[in-house]
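Take a look at the structure below.
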Amino acid sequence: MIFNRKTEDGNSSEISVEPVAGTRLGLSRFMQPAKNGLPPRALMNSGLNVKGDLETDGELHIDGQIVGNVSCGHLVIGKDGAVRGNIKADEVIVCGKTEGVIRARRIMLQESARVVGDIFYEIMSMEEGAKFMGASNQGKDEA
């Protein structure tokens with residue numbers, strides 16, 4: 001990049017500006033695989049609305065809205081997040097809203113969770129204040 005700059009005598013001179021590498025900003029850690037070998041975590045901000053399915057082997061943190069199915073290794077649905085569709089993950093933490101079937105080895109419904117749909121799980125915990133309408137099914141789901 002080149003910017004024009006006026007000198008004290010009014011003449012213009014050119015100065016060269018080099019881009020800053022991601023490592024100098026400490027961003028390189030987001031571009032590398034996580035220590036567990038999975039891809040980096042994906043963050044979906046609250047202003048983002050997605051229509052369609054999402055699939056990853058890594059972690060996914062949702063603060064936005066998804067209308068579609070989600071499949072990932074580890075899923076966190078934030079307080080402002082919502083998923084309308086089926087969820088399949090190794091671990092699911094729900095603080096926001098879901099509507100659809102959830103299949104997970106481990107699921108945690110936090111105090112602010114609002115879940116409508118069936119849950120298939122091996123380990124499940126539910127905090128006081130969480131709302132769940134559906135059937136909970138412990139054990140492996142064949143579907």
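Going by the structure tokens order, chains are called A, B, ..., each with residues numbered from 1, while ligands are numbered from 1 in the order shown.
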What are the nearest atom pairs, with distances in Å to one decimal, for all residues of segment 70-121 of chain A that come at most 10 Å from segment 47-66 of chain A, using only C-alpha atoms, set out by chain and rising residue number as JSON lines?
```
{"residue": "A:Val70", "atom": "CA", "partner": "A:Leu54", "partner_atom": "CA", "distance": 4.8}
{"residue": "A:Ser71", "atom": "CA", "partner": "A:Glu55", "partner_atom": "CA", "distance": 4.7}
{"residue": "A:Cys72", "atom": "CA", "partner": "A:Thr56", "partner_atom": "CA", "distance": 4.8}
{"residue": "A:Gly73", "atom": "CA", "partner": "A:Gly58", "partner_atom": "CA", "distance": 5.0}
{"residue": "A:His74", "atom": "CA", "partner": "A:Glu59", "partner_atom": "CA", "distance": 4.6}
{"residue": "A:Leu75", "atom": "CA", "partner": "A:Leu60", "partner_atom": "CA", "distance": 5.0}
{"residue": "A:Val76", "atom": "CA", "partner": "A:His61", "partner_atom": "CA", "distance": 4.7}
{"residue": "A:Ile77", "atom": "CA", "partner": "A:Ile62", "partner_atom": "CA", "distance": 4.8}
{"residue": "A:Gly78", "atom": "CA", "partner": "A:Asp63", "partner_atom": "CA", "distance": 5.0}
{"residue": "A:Lys79", "atom": "CA", "partner": "A:Asp63", "partner_atom": "CA", "distance": 6.9}
{"residue": "A:Asp80", "atom": "CA", "partner": "A:Asp63", "partner_atom": "CA", "distance": 5.2}
{"residue": "A:Gly81", "atom": "CA", "partner": "A:Asp63", "partner_atom": "CA", "distance": 3.9}
{"residue": "A:Ala82", "atom": "CA", "partner": "A:Gln65", "partner_atom": "CA", "distance": 4.8}
{"residue": "A:Val83", "atom": "CA", "partner": "A:Ile66", "partner_atom": "CA", "distance": 4.8}
{"residue": "A:Arg84", "atom": "CA", "partner": "A:Ile66", "partner_atom": "CA", "distance": 6.2}
{"residue": "A:Gly85", "atom": "CA", "partner": "A:Ile66", "partner_atom": "CA", "distance": 7.9}
{"residue": "A:Asn86", "atom": "CA", "partner": "A:Asp53", "partner_atom": "CA", "distance": 9.4}
{"residue": "A:Ile87", "atom": "CA", "partner": "A:Leu54", "partner_atom": "CA", "distance": 9.7}
{"residue": "A:Lys88", "atom": "CA", "partner": "A:Glu55", "partner_atom": "CA", "distance": 9.4}
{"residue": "A:Ala89", "atom": "CA", "partner": "A:Asp57", "partner_atom": "CA", "distance": 9.0}
{"residue": "A:Asp90", "atom": "CA", "partner": "A:Asp57", "partner_atom": "CA", "distance": 9.8}
{"residue": "A:Glu91", "atom": "CA", "partner": "A:Glu59", "partner_atom": "CA", "distance": 9.5}
{"residue": "A:Val92", "atom": "CA", "partner": "A:Leu60", "partner_atom": "CA", "distance": 9.8}
{"residue": "A:Ile93", "atom": "CA", "partner": "A:His61", "partner_atom": "CA", "distance": 9.5}
{"residue": "A:Val94", "atom": "CA", "partner": "A:Ile62", "partner_atom": "CA", "distance": 9.7}
{"residue": "A:Cys95", "atom": "CA", "partner": "A:Asp63", "partner_atom": "CA", "distance": 9.7}
{"residue": "A:Gly96", "atom": "CA", "partner": "A:Asp63", "partner_atom": "CA", "distance": 8.2}
{"residue": "A:Lys97", "atom": "CA", "partner": "A:Gln65", "partner_atom": "CA", "distance": 9.4}
{"residue": "A:Thr98", "atom": "CA", "partner": "A:Ile66", "partner_atom": "CA", "distance": 9.5}
```
- Query: In Å to one decimal, how far is atom CA of Glu99 of chain A from atom CA of Arg114 of chain A?
  - Reply: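 Separation between atom CA of Arg114 of chain A and atom CA of Glu99 of chain A: 8.5 Å.
The smallest atom-to-atom distance between Gly117 of chain A and any of A:Met44, A:Ala104, A:Ala135, A:Ala130, using only C-alpha atoms, is found for A:Ala135.
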